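So this block is run_37.txt, compact mmCIF, C-alpha atoms and all ligand atoms:
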# COMPACT_ATOMS: atom_id res chain seq x y z
CA MET W 169 -99.36 33.63 10.46
CA THR W 170 -98.21 34.10 14.09
CA PRO W 171 -100.93 33.40 16.68
CA VAL W 172 -101.26 36.18 19.28
CA LEU W 173 -102.86 36.58 22.69
CA ILE W 174 -104.57 39.76 23.83
CA VAL W 175 -104.29 40.57 27.55
CA LEU W 176 -106.94 42.92 28.96
CA ASN W 177 -107.05 44.75 32.29
CA ALA W 178 -110.28 46.74 32.57
CA GLY W 179 -110.91 49.50 35.13
CA SER W 180 -113.89 51.79 35.63
CA SER W 181 -112.91 54.20 32.83
CA SER W 182 -109.86 52.52 31.37
CA LEU W 183 -108.93 49.46 29.37
CA LYS W 184 -105.25 48.48 29.32
CA PHE W 185 -104.15 45.92 26.74
CA GLN W 186 -101.07 44.03 25.64
CA VAL W 187 -100.60 41.82 22.61
CA TYR W 188 -98.26 38.81 22.80
CA ASP W 189 -96.90 36.49 20.12
CA MET W 190 -97.52 32.87 21.08
CA VAL W 191 -94.57 30.66 20.34
CA ASP W 192 -94.95 26.91 20.91
CA GLY W 193 -93.27 25.81 24.11
CA ALA W 194 -91.77 29.27 24.77
CA GLU W 195 -92.63 32.30 26.89
CA PRO W 196 -95.23 34.62 25.24
CA GLN W 197 -93.43 37.58 23.60
CA LEU W 198 -94.84 41.10 24.02
CA VAL W 199 -95.30 42.99 20.72
CA TRP W 200 -97.69 45.88 21.37
CA LYS W 201 -99.14 47.56 24.46
CA GLY W 202 -101.54 50.41 25.02
CA LEU W 203 -104.60 51.70 26.74
CA PHE W 204 -107.92 53.48 26.47
CA GLU W 205 -108.46 56.18 29.10
CA GLY W 206 -111.43 58.40 29.86
CA LEU W 207 -114.01 55.85 28.67
CA GLY W 208 -117.51 57.29 28.87
CA GLU W 209 -116.08 60.84 28.67
CA THR W 210 -113.22 62.22 26.60
CA ALA W 211 -111.79 58.88 25.55
CA HIS W 212 -108.23 58.44 24.32
CA PHE W 213 -106.52 55.46 22.70
CA ILE W 214 -102.76 54.98 22.46
CA VAL W 215 -100.70 51.99 21.36
CA LYS W 216 -96.92 51.53 21.40
CA ASP W 217 -94.44 48.90 20.32
CA ILE W 218 -91.95 47.34 22.73
CA SER W 219 -89.41 50.12 22.18
CA GLY W 220 -92.05 52.63 23.36
CA THR W 221 -92.61 54.13 19.89
CA ILE W 222 -96.19 55.34 19.51
CA LEU W 223 -97.83 53.43 16.66
CA ASP W 224 -101.23 55.10 16.79
CA HIS W 225 -103.41 57.32 18.96
CA VAL W 226 -106.98 58.61 18.74
CA SER W 227 -109.11 60.95 20.89
CA TRP W 228 -112.90 61.05 20.97
CA ASP W 229 -115.42 63.62 22.24
CA PRO W 230 -117.88 62.66 25.00
CA SER W 231 -120.61 62.83 22.30
CA ASP W 232 -118.94 59.87 20.51
CA GLY W 233 -120.02 57.71 23.49
CA ILE W 234 -116.89 55.52 23.60
CA GLY W 235 -117.36 53.00 26.42
CA HIS W 236 -115.73 49.64 27.06
CA GLU W 237 -117.59 47.89 24.23
CA GLU W 238 -116.65 50.47 21.60
CA ALA W 239 -113.07 50.54 22.89
CA LEU W 240 -112.74 46.79 22.59
CA MET W 241 -114.15 46.75 19.07
CA HIS W 242 -111.79 49.62 18.14
CA LEU W 243 -108.86 47.52 19.40
CA VAL W 244 -110.01 44.51 17.39
CA SER W 245 -110.33 46.59 14.22
CA TRP W 246 -106.96 48.27 14.88
CA LEU W 247 -105.37 44.83 15.25
CA SER W 248 -106.91 43.63 11.99
CA GLN W 249 -105.49 46.66 10.13
CA PHE W 250 -102.11 46.42 11.81
CA ARG W 251 -101.99 42.69 11.75
CA GLU W 252 -98.49 42.09 10.31
CA GLU W 253 -99.32 38.41 9.74
CA ARG W 254 -100.69 38.02 13.26
CA LYS W 255 -103.96 36.33 14.25
CA PRO W 256 -105.62 36.79 17.67
CA MET W 257 -106.21 33.32 19.13
CA ALA W 258 -107.46 34.13 22.63
CA ILE W 259 -108.02 36.86 25.18
CA GLY W 260 -106.75 36.69 28.77
CA HIS W 261 -108.49 38.88 31.35
CA ARG W 262 -107.45 40.17 34.72
CA VAL W 263 -110.26 39.36 37.15
CA VAL W 264 -109.83 40.62 40.66
CA HIS W 265 -111.91 38.01 42.52
CA GLY W 266 -112.05 34.27 41.97
CA GLY W 267 -113.75 33.57 45.29
CA GLU W 268 -113.32 30.14 46.85
CA SER W 269 -113.98 28.11 43.74
CA PHE W 270 -111.45 29.50 41.25
CA SER W 271 -108.00 28.53 42.46
CA ALA W 272 -106.50 28.66 38.94
CA PRO W 273 -107.14 30.43 35.62
CA VAL W 274 -110.22 29.17 33.81
CA LEU W 275 -111.56 29.03 30.26
CA VAL W 276 -114.66 31.23 30.20
CA ASP W 277 -118.08 29.89 29.27
CA ASP W 278 -121.57 31.05 30.23
CA SER W 279 -121.55 29.17 33.52
CA VAL W 280 -118.16 30.67 34.47
CA ILE W 281 -119.54 34.17 33.72
CA GLN W 282 -122.51 33.45 35.98
CA ARG W 283 -120.25 32.27 38.79
CA LEU W 284 -118.04 35.34 38.40
CA GLU W 285 -121.11 37.60 38.49
CA ALA W 286 -122.08 35.98 41.78
CA LEU W 287 -118.75 37.25 43.19
CA VAL W 288 -119.52 40.93 42.45
CA PRO W 289 -120.64 41.60 46.06
CA LEU W 290 -117.15 40.52 47.21
CA ALA W 291 -115.44 43.17 45.02
CA PRO W 292 -118.19 45.63 44.05
CA LEU W 293 -115.83 48.36 42.84
CA HIS W 294 -113.59 46.14 40.68
CA GLN W 295 -115.30 42.92 39.56
CA PRO W 296 -118.05 44.53 37.41
CA HIS W 297 -115.42 46.37 35.32
CA ASN W 298 -113.40 43.18 34.88
CA LEU W 299 -116.50 41.29 33.72
CA GLU W 300 -117.64 43.91 31.21
CA PRO W 301 -115.08 43.08 28.45
CA ILE W 302 -115.65 39.35 29.01
CA ARG W 303 -119.36 39.82 28.25
CA VAL W 304 -118.61 42.07 25.26
CA VAL W 305 -116.26 39.49 23.71
CA ARG W 306 -118.79 36.71 24.32
CA ARG W 307 -121.45 38.76 22.50
CA ARG W 308 -119.40 40.35 19.71
CA LEU W 309 -116.70 37.71 19.08
CA PRO W 310 -118.49 34.53 20.15
CA GLY W 311 -115.84 32.08 18.86
CA MET W 312 -112.93 33.76 20.66
CA PRO W 313 -111.57 31.68 23.60
CA GLN W 314 -111.29 33.73 26.79
CA VAL W 315 -109.38 32.94 29.96
CA ALA W 316 -110.06 34.58 33.33
CA CYS W 317 -106.94 35.03 35.50
CA PHE W 318 -107.49 35.88 39.16
CA ASP W 319 -105.76 38.17 41.64
CA THR W 320 -106.94 35.96 44.48
CA ALA W 321 -105.86 32.55 43.13
CA PHE W 322 -102.16 32.75 44.10
CA HIS W 323 -103.13 32.88 47.78
CA GLN W 324 -105.06 29.61 47.74
CA THR W 325 -101.94 27.91 49.13
CA GLN W 326 -102.44 29.63 52.51
CA SER W 327 -103.36 27.58 55.54
CA ASP W 328 -106.92 27.57 56.84
CA ILE W 329 -105.78 29.52 59.91
CA ALA W 330 -104.11 32.24 57.82
CA THR W 331 -107.37 32.86 55.96
CA LEU W 332 -109.72 32.81 58.97
CA PHE W 333 -111.38 35.79 60.69
CA ALA W 334 -112.41 35.32 64.32
CA LEU W 335 -116.08 35.57 63.36
CA PRO W 336 -118.94 33.10 63.89
CA ARG W 337 -118.62 29.94 61.79
CA GLU W 338 -121.64 30.73 59.64
CA MET W 339 -119.82 33.82 58.33
CA ARG W 340 -116.96 31.64 57.10
CA GLU W 341 -119.49 29.36 55.45
CA ARG W 342 -120.88 32.41 53.60
CA GLY W 343 -117.40 33.14 52.19
CA VAL W 344 -116.37 35.77 54.75
CA ARG W 345 -112.64 34.99 54.98
CA ARG W 346 -109.30 36.46 53.97
CA TYR W 347 -108.67 36.00 50.23
CA GLY W 348 -105.73 38.29 49.44
CA PHE W 349 -105.11 40.16 46.17
CA HIS W 350 -102.27 41.27 43.83
CA GLY W 351 -101.72 37.54 43.22
CA LEU W 352 -100.75 38.02 39.55
CA SER W 353 -97.95 40.34 40.66
CA TYR W 354 -96.77 37.96 43.41
CA ASP W 355 -96.90 35.06 40.95
CA TYR W 356 -94.58 36.98 38.61
CA VAL W 357 -92.10 37.92 41.36
CA SER W 358 -92.12 34.36 42.68
CA SER W 359 -91.41 33.03 39.17
CA VAL W 360 -88.28 35.18 38.68
CA LEU W 361 -86.73 35.02 42.19
CA LYS W 362 -84.39 32.23 41.10
CA ASP W 363 -82.90 34.54 38.43
CA TYR W 364 -81.87 36.99 41.18
CA ASP W 365 -80.74 34.53 43.84
CA PRO W 366 -81.55 30.79 43.72
CA ARG W 367 -81.60 30.61 47.56
CA LEU W 368 -84.35 33.24 47.68
CA ALA W 369 -86.63 31.11 45.52
CA GLU W 370 -86.39 28.37 48.17
CA GLY W 371 -86.45 30.69 51.17
CA ARG W 372 -88.62 33.06 53.20
CA VAL W 373 -89.36 36.20 51.21
CA ILE W 374 -91.62 39.20 51.80
CA VAL W 375 -92.79 40.97 48.64
CA ALA W 376 -93.97 44.58 48.95
CA HIS W 377 -96.29 45.44 46.05
CA LEU W 378 -96.46 49.22 46.50
CA GLY W 379 -98.53 50.91 43.79
CA ASN W 380 -101.82 52.78 43.94
CA GLY W 381 -103.04 49.58 45.52
CA ALA W 382 -100.54 48.21 48.03
CA SER W 383 -100.06 44.95 49.87
CA LEU W 384 -97.40 42.60 51.22
CA CYS W 385 -97.11 38.87 50.65
CA ALA W 386 -95.06 36.32 52.59
CA LEU W 387 -93.63 33.62 50.32
CA LYS W 388 -92.14 30.36 51.55
CA GLY W 389 -90.52 28.30 48.79
CA GLY W 390 -92.25 30.57 46.27
CA VAL W 391 -95.82 30.06 47.50
CA SER W 392 -98.04 32.45 49.46
CA VAL W 393 -98.36 31.75 53.17
CA ALA W 394 -99.80 35.10 54.33
CA THR W 395 -100.74 38.50 52.93
CA THR W 396 -101.95 41.86 54.23
CA MET W 397 -105.10 42.18 52.13
CA GLY W 398 -108.06 40.21 53.36
CA PHE W 399 -111.73 39.93 52.41
CA SER W 400 -111.59 43.01 50.22
CA ALA W 401 -108.88 45.09 48.55
CA LEU W 402 -109.27 47.61 51.42
CA ASP W 403 -107.37 45.75 54.11
CA GLY W 404 -103.75 45.95 55.19
CA LEU W 405 -101.50 48.85 54.14
CA PRO W 406 -102.70 52.41 53.51
CA MET W 407 -102.84 52.95 49.71
CA GLY W 408 -103.22 55.83 47.25
CA THR W 409 -106.87 56.44 48.16
CA ARG W 410 -107.80 53.34 50.23
CA CYS W 411 -107.54 53.29 54.01
CA GLY W 412 -105.90 49.92 54.64
CA ALA W 413 -106.75 48.23 57.94
CA VAL W 414 -109.07 50.24 60.18
CA ASP W 415 -110.84 49.12 63.31
CA ALA W 416 -114.25 47.78 62.17
CA GLY W 417 -115.77 49.97 64.90
CA VAL W 418 -114.86 53.06 62.84
CA ILE W 419 -117.36 52.01 60.20
CA PHE W 420 -120.21 51.72 62.72
CA TYR W 421 -119.27 55.15 64.01
CA MET W 422 -119.42 56.57 60.47
CA LEU W 423 -122.83 55.03 59.89
CA ARG W 424 -124.45 55.67 63.27
CA GLU W 425 -122.90 58.90 64.54
CA MET W 426 -121.78 60.60 61.35
CA LYS W 427 -124.94 59.47 59.51
CA LEU W 428 -123.11 58.35 56.40
CA THR W 429 -124.97 55.90 54.17
CA PRO W 430 -123.16 52.58 53.51
CA GLU W 431 -122.39 53.85 50.00
CA GLU W 432 -120.92 57.10 51.36
CA ALA W 433 -118.82 55.24 53.91
CA GLU W 434 -117.60 52.89 51.17
CA ARG W 435 -116.62 55.87 49.02
CA VAL W 436 -114.67 57.43 51.89
CA LEU W 437 -112.77 54.21 52.58
CA TYR W 438 -112.00 53.39 48.92
CA THR W 439 -111.52 56.80 47.30
CA LYS W 440 -110.88 59.50 49.91
CA SER W 441 -108.51 57.83 52.34
CA GLY W 442 -104.92 56.56 52.24
CA LEU W 443 -102.17 58.93 51.04
CA LEU W 444 -104.81 61.28 49.63
CA GLY W 445 -106.90 61.38 52.80
CA VAL W 446 -104.01 61.92 55.21
CA SER W 447 -102.15 64.46 53.05
CA GLY W 448 -105.26 66.26 51.81
CA VAL W 449 -103.17 66.87 48.69
CA SER W 450 -102.62 63.86 46.44
CA ASN W 451 -102.63 60.08 46.15
CA ASP W 452 -99.49 60.30 44.01
CA MET W 453 -96.23 59.54 45.81
CA ARG W 454 -94.26 61.75 43.40
CA VAL W 455 -96.36 64.77 44.36
CA LEU W 456 -96.08 63.98 48.08
CA ARG W 457 -92.30 63.57 47.91
CA SER W 458 -91.94 66.88 46.08
CA ARG W 459 -93.92 68.67 48.84
CA ALA W 460 -92.80 66.76 51.91
CA ALA W 461 -90.16 69.31 52.98
CA MET W 462 -92.66 72.18 53.25
CA ASP W 463 -95.99 70.45 53.75
CA VAL W 464 -96.44 68.75 57.12
CA ASP W 465 -99.50 66.76 55.99
CA ALA W 466 -97.72 65.38 52.91
CA ARG W 467 -94.89 64.29 55.23
CA ARG W 468 -97.34 62.64 57.68
CA ALA W 469 -98.99 60.67 54.87
CA ILE W 470 -95.59 59.31 53.76
CA ASP W 471 -94.51 58.61 57.35
CA LEU W 472 -97.71 56.69 58.05
CA PHE W 473 -97.31 54.68 54.80
CA VAL W 474 -93.73 53.71 55.71
CA TYR W 475 -94.61 53.02 59.37
CA ARG W 476 -97.45 50.67 58.40
CA ILE W 477 -95.31 48.85 55.82
CA THR W 478 -92.54 48.35 58.37
CA ARG W 479 -94.94 47.12 61.06
CA GLU W 480 -96.70 44.72 58.72
CA ILE W 481 -93.37 43.35 57.53
CA GLY W 482 -92.66 42.52 61.19
CA SER W 483 -95.97 40.65 61.33
CA LEU W 484 -95.20 38.66 58.17
CA MET W 485 -91.74 37.84 59.51
CA ALA W 486 -93.48 36.22 62.46
CA ALA W 487 -95.74 34.27 60.07
CA LEU W 488 -92.66 33.05 58.17
CA GLY W 489 -90.50 32.40 61.23
CA GLY W 490 -87.87 34.87 59.96
CA VAL W 491 -86.96 36.36 56.62
CA ASP W 492 -84.28 35.81 53.98
CA GLY W 493 -85.26 38.51 51.50
CA LEU W 494 -87.44 41.56 50.98
CA VAL W 495 -88.58 42.55 47.46
CA PHE W 496 -89.96 45.95 46.40
CA THR W 497 -92.20 46.09 43.33
CA ALA W 498 -94.94 48.15 41.53
CA GLY W 499 -94.96 51.96 40.94
CA ILE W 500 -93.67 53.13 44.34
CA GLY W 501 -91.66 49.98 45.10
CA GLU W 502 -89.83 50.13 41.76
CA ASN W 503 -89.28 53.89 41.63
CA ASP W 504 -89.34 55.60 45.00
CA VAL W 505 -85.80 55.38 46.36
CA ALA W 506 -86.77 57.19 49.58
CA THR W 507 -89.60 54.79 50.51
CA ARG W 508 -87.28 51.83 50.01
CA ALA W 509 -84.56 53.50 52.08
CA GLU W 510 -86.95 54.37 54.93
CA VAL W 511 -88.43 50.86 55.07
CA ILE W 512 -85.05 49.10 55.03
CA THR W 513 -83.64 51.47 57.64
CA GLY W 514 -86.65 50.75 59.82
CA LEU W 515 -85.80 47.04 59.61
CA ALA W 516 -82.19 47.35 60.79
CA TRP W 517 -83.25 45.47 63.96
CA ALA W 518 -83.96 42.44 61.73
CA GLY W 519 -80.47 42.55 60.22
CA LEU W 520 -81.26 44.39 56.97
CA ALA W 521 -78.49 46.79 55.94
CA HIS W 522 -79.34 49.52 53.44
CA ASP W 523 -76.95 49.88 50.49
CA GLU W 524 -77.55 53.53 49.66
CA ALA W 525 -75.61 53.65 46.41
CA ALA W 526 -77.24 50.48 45.04
CA ASN W 527 -80.68 51.76 46.06
CA ARG W 528 -80.14 55.03 44.20
CA THR W 529 -79.43 53.16 40.97
CA GLY W 530 -82.24 50.63 41.41
CA GLY W 531 -80.19 47.62 42.53
CA PRO W 532 -81.45 45.06 41.85
CA ARG W 533 -79.86 44.16 45.21
CA ILE W 534 -80.13 47.17 47.54
CA SER W 535 -78.80 45.69 50.78
CA SER W 536 -75.31 44.94 52.00
CA GLY W 537 -73.87 42.62 54.63
CA SER W 538 -74.68 39.03 55.47
CA GLY W 539 -78.22 39.53 56.84
CA PRO W 540 -81.50 39.28 54.92
CA THR W 541 -81.24 40.80 51.43
CA ALA W 542 -83.40 43.52 49.85
CA TRP W 543 -84.21 43.75 46.14
CA VAL W 544 -86.01 45.80 43.51
CA ILE W 545 -87.80 43.52 41.04
CA PRO W 546 -90.15 45.09 38.44
CA THR W 547 -93.46 43.25 38.33
CA ASN W 548 -95.22 42.05 35.17
CA GLU W 549 -98.82 41.06 35.83
CA GLU W 550 -99.71 41.06 32.13
CA LEU W 551 -97.04 38.48 31.35
CA VAL W 552 -98.52 36.22 34.04
CA ILE W 553 -101.96 36.58 32.39
CA ALA W 554 -100.39 35.75 29.00
CA ARG W 555 -98.60 32.71 30.50
CA GLN W 556 -101.75 31.49 32.23
CA THR W 557 -103.87 32.01 29.10
CA GLN W 558 -101.38 30.11 26.97
CA SER W 559 -101.26 27.28 29.48
CA VAL W 560 -105.07 26.99 29.75
CA LEU W 561 -105.33 26.96 25.93
CA GLY W 562 -102.58 24.33 25.72
CA ALA W 563 -104.50 22.14 28.16
CA THR W 564 -107.77 22.25 26.17
P1 LIG U 601 -101.46 50.90 39.99
O1 LIG U 601 -101.79 50.21 41.28
O2 LIG U 601 -102.47 51.90 39.55
O3 LIG U 601 -100.97 49.97 38.88
P2 LIG U 601 -98.71 51.82 39.98
O4 LIG U 601 -98.06 50.51 40.25
O5 LIG U 601 -98.56 52.42 38.63
O6 LIG U 601 -100.23 51.81 40.40
O7 LIG U 601 -98.14 52.85 41.08
C1 LIG U 601 -98.58 54.17 41.16
C2 LIG U 601 -97.76 54.87 42.25
O8 LIG U 601 -96.38 54.80 41.90
C3 LIG U 601 -98.09 56.34 42.42
O9 LIG U 601 -98.15 56.67 43.80
C4 LIG U 601 -96.91 57.03 41.81
O10 LIG U 601 -96.63 58.27 42.39
C5 LIG U 601 -95.80 56.06 42.13
N1 LIG U 601 -94.65 56.30 41.26
C6 LIG U 601 -94.54 56.09 39.94
N2 LIG U 601 -93.34 56.53 39.48
C7 LIG U 601 -92.69 57.03 40.56
C8 LIG U 601 -91.40 57.63 40.76
N3 LIG U 601 -90.55 57.81 39.76
N4 LIG U 601 -91.08 58.02 42.02
C9 LIG U 601 -91.92 57.85 43.04
N5 LIG U 601 -93.16 57.29 42.92
C10 LIG U 601 -93.52 56.89 41.70
Final structure tokens representation of the file:
Amino acid sequence: MTPVLIVLNAGSSSLKFQVYDMVDGAEPQLVWKGLFEGLGETAHFIVKDISGTILDHVSWDPSDGIGHEEALMHLVSWLSQFREERKPMAIGHRVVHGGESFSAPVLVDDSVIQRLEALVPLAPLHQPHNLEPIRVVRRRLPGMPQVACFDTAFHQTQSDIATLFALPREMRERGVRRYGFHGLSYDYVSSVLKDYDPRLAEGRVIVAHLGNGASLCALKGGVSVATTMGFSALDGLPMGTRCGAVDAGVIFYMLREMKLTPEEAERVLYTKSGLLGVSGVSNDMRVLRSRAAMDVDARRAIDLFVYRITREIGSLMAALGGVDGLVFTAGIGENDVATRAEVITGLAWAGLAHDEAANRTGGPRISSGSGPTAWVIPTNEELVIARQTQSVLGAT
């Protein structure tokens, strides 16, 4: 009987999962992956093997009332039917916020759940969804070990100064500081840099995680020294629907002059801004690229995205005292040749030289010359959760 780990990544209406074989002393091996979409409405379940072959799929009507709990129990029963001599030993969860106290993955018990619930105000749109499957497993599968893996934890290596806002000291004491996110992705990229270029792993590297959520991280010797996201997952770069950094005064203007409620303002900043807000068309880079030639607003949204990335890379170069390598990852970073080309070209002043042919075929190295190098490295946040879960279990 092979022991397996289940990795869960829960969103507001989705539950992504991966199943890994646990092999003593070796890297967890992915066997199945899938997701539930449309939870609470027209829910859909699909699961594939590692070659991408669909093993099973099911759709439900809204009247079936399939939410996160039902989805999770469906997954457990699917696994027991499709077991192939495999036995789930633990579940690893993506949890967006670990606050100040969780600087590493942690085995979940009731007190950990309570402490994670206390962090909901720091990530009100993400943390509750991450906690839901943890509570369901605790209730429905009480003996199953669970490990919470945090998007914030990787940044705990940053200096006090890098995490500080210039606000009164009592704010800092209340936890108002820069945390940083996408840490599971940066952890993965950091762990594989040596396979691309051993000098990079030791050097000064800027990683651009460009997906629906987007941020940059400055790595020195593989650890985080600065990042563009701050207190919340709103800060830094413009994203699919999030605004990125805006002057805090804009929010007072929205509340006082435009008479938005705090909830309305929050919705604007999280769900109506970014590529979607500027283009008025879509949050999807593929759609924007396909329209950019004839749609001036689609073009402006892309131009702003690239401009902000390039400017923030300049800022992180200053934090690192220079740069040896730039890595593109996540949906846009791994797939959008034009965004990579525009960013690298915008950094010619820093010695980066775009290798057009290599960029078109996905590199992995997409720069030429003797200056800083540029790379495409696919991220794998789920593998980091599987690794962390295995290591926490091994330590207990
Ligand atoms: P999430 O943060 O939801 O995990 P992803 O990492 O999947 O997001 O990234 C989603 C983004 O990646 C979307 O803007 C999408 O348009 C973009 N993307 C995915 N594939 C391509 C592609 N082939 N070309 C350009 N952009 C792409």
Contacts of ligand LIG 601 (chain U), 6 Å or closer, all atoms listed in the file, given as a ChimeraX atom specification: /W:379-381,452-454,498-500,503-504
Selection from above, C-alpha atoms, as a JSON list (two decimals), keeping the file's coordinate frame, can you write it?
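The file below, selection-v4.json, is the result:
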[["chain", "number", "residue", "atom", "x", "y", "z"],
["W", 379, "GLY", "CA", -98.53, 50.91, 43.79],
["W", 380, "ASN", "CA", -101.82, 52.78, 43.94],
["W", 381, "GLY", "CA", -103.04, 49.58, 45.52],
["W", 452, "ASP", "CA", -99.49, 60.30, 44.01],
["W", 453, "MET", "CA", -96.23, 59.54, 45.81],
["W", 454, "ARG", "CA", -94.26, 61.75, 43.40],
["W", 498, "ALA", "CA", -94.94, 48.15, 41.53],
["W", 499, "GLY", "CA", -94.96, 51.96, 40.94],
["W", 500, "ILE", "CA", -93.67, 53.13, 44.34],
["W", 503, "ASN", "CA", -89.28, 53.89, 41.63],
["W", 504, "ASP", "CA", -89.34, 55.60, 45.00]]
Shell of 12 Å around stretch 366-370 of chain W, all atoms listed in the file, local chain residues under 6 positions omitted, as a ChimeraX atom specification: /W:355,357-360,387-391,491-495,540-543
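If all atoms listed in the file are the atoms counted, then among W:Glu300, W:Asp365, W:Glu341, W:Asp465 the closest residue to W:Leu176 is W:Glu300.
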Two-atom distance - atom CA of W:Tyr364, atom CA of W:Glu480 (Å): 24.2 Å
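For the residues W:Leu428, W:Val505, W:Ile481, W:Val455, ranking by smallest atom-to-atom distance to W:Cys385 using only C-alpha atoms places W:Ile481 first.
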For atom CA of W:Leu551 and atom CA of W:Gln249, the interatomic separation in Å (one decimal): 24.3 Å
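Remark: for W:Gly408, the closest of the candidate residues W:Ala469, W:Val315, W:Val187, W:Val375 is W:Ala469 (distances computed over all atoms listed in the file).
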With a distance cut-off of 9 Å and only C-alpha atoms, select the neighbouring residues of stretch 399-407 of chain W, excluding the residue or stretch itself and same-chain residues fewer than 2 positions from it, and output the selection as an mmCIF file with C-alpha atoms, in the coordinates of the input.
data_model
loop_
_atom_site.group_PDB
_atom_site.id
_atom_site.type_symbol
_atom_site.label_atom_id
_atom_site.label_comp_id
_atom_site.auth_asym_id
_atom_site.auth_seq_id
_atom_site.Cartn_x
_atom_site.Cartn_y
_atom_site.Cartn_z
ATOM 1 C CA LEU W 290 -117.150 40.520 47.210
ATOM 2 C CA ALA W 291 -115.440 43.170 45.020
ATOM 3 C CA GLY W 343 -117.400 33.140 52.190
ATOM 4 C CA VAL W 344 -116.370 35.770 54.750
ATOM 5 C CA ARG W 345 -112.640 34.990 54.980
ATOM 6 C CA ARG W 346 -109.300 36.460 53.970
ATOM 7 C CA TYR W 347 -108.670 36.000 50.230
ATOM 8 C CA GLY W 348 -105.730 38.290 49.440
ATOM 9 C CA PHE W 349 -105.110 40.160 46.170
ATOM 10 C CA HIS W 350 -102.270 41.270 43.830
ATOM 11 C CA LEU W 378 -96.460 49.220 46.500
ATOM 12 C CA GLY W 379 -98.530 50.910 43.790
ATOM 13 C CA ASN W 380 -101.820 52.780 43.940
ATOM 14 C CA GLY W 381 -103.040 49.580 45.520
ATOM 15 C CA ALA W 382 -100.540 48.210 48.030
ATOM 16 C CA SER W 383 -100.060 44.950 49.870
ATOM 17 C CA LEU W 384 -97.400 42.600 51.220
ATOM 18 C CA THR W 395 -100.740 38.500 52.930
ATOM 19 C CA THR W 396 -101.950 41.860 54.230
ATOM 20 C CA MET W 397 -105.100 42.180 52.130
ATOM 21 C CA THR W 409 -106.870 56.440 48.160
ATOM 22 C CA ARG W 410 -107.800 53.340 50.230
ATOM 23 C CA CYS W 411 -107.540 53.290 54.010
ATOM 24 C CA GLY W 412 -105.900 49.920 54.640
ATOM 25 C CA ALA W 413 -106.750 48.230 57.940
ATOM 26 C CA VAL W 414 -109.070 50.240 60.180
ATOM 27 C CA LEU W 437 -112.770 54.210 52.580
ATOM 28 C CA TYR W 438 -112.000 53.390 48.920
ATOM 29 C CA SER W 441 -108.510 57.830 52.340
ATOM 30 C CA GLY W 442 -104.920 56.560 52.240
ATOM 31 C CA LEU W 443 -102.170 58.930 51.040
ATOM 32 C CA LEU W 444 -104.810 61.280 49.630
ATOM 33 C CA ASN W 451 -102.630 60.080 46.150
ATOM 34 C CA LEU W 472 -97.710 56.690 58.050
ATOM 35 C CA PHE W 473 -97.310 54.680 54.800
ATOM 36 C CA ARG W 476 -97.450 50.670 58.400
ATOM 37 C CA ILE W 477 -95.310 48.850 55.820
ATOM 38 C CA GLU W 480 -96.700 44.720 58.720
#
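If you measure from each of W:His323, W:Arg479, W:His294, W:His225 to W:Tyr354 using all atoms listed in the file, the closest one turns out to be W:His323.
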Residues near stretch 520-532 of chain W, cut-off 7 Å, all atoms listed in the file, skip fewer than 4 positions along chain, as a list in words: Val505, Ala509, Ile512, Thr513, Leu515, Ala516, Ser536, Gly537, Gly539, Pro540, Thr541, Trp543, Val544 and Ile545 of chain W
Write a file of the selected residues as a CSV table (one decimal), in the frame of the given file, keeping C-alpha atoms.
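So selection39.csv came out as:
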chain,number,residue,atom,x,y,z
W,505,VAL,CA,-85.8,55.4,46.4
W,509,ALA,CA,-84.6,53.5,52.1
W,512,ILE,CA,-85.0,49.1,55.0
W,513,THR,CA,-83.6,51.5,57.6
W,515,LEU,CA,-85.8,47.0,59.6
W,516,ALA,CA,-82.2,47.4,60.8
W,536,SER,CA,-75.3,44.9,52.0
W,537,GLY,CA,-73.9,42.6,54.6
W,539,GLY,CA,-78.2,39.5,56.8
W,540,PRO,CA,-81.5,39.3,54.9
W,541,THR,CA,-81.2,40.8,51.4
W,543,TRP,CA,-84.2,43.8,46.1
W,544,VAL,CA,-86.0,45.8,43.5
W,545,ILE,CA,-87.8,43.5,41.0
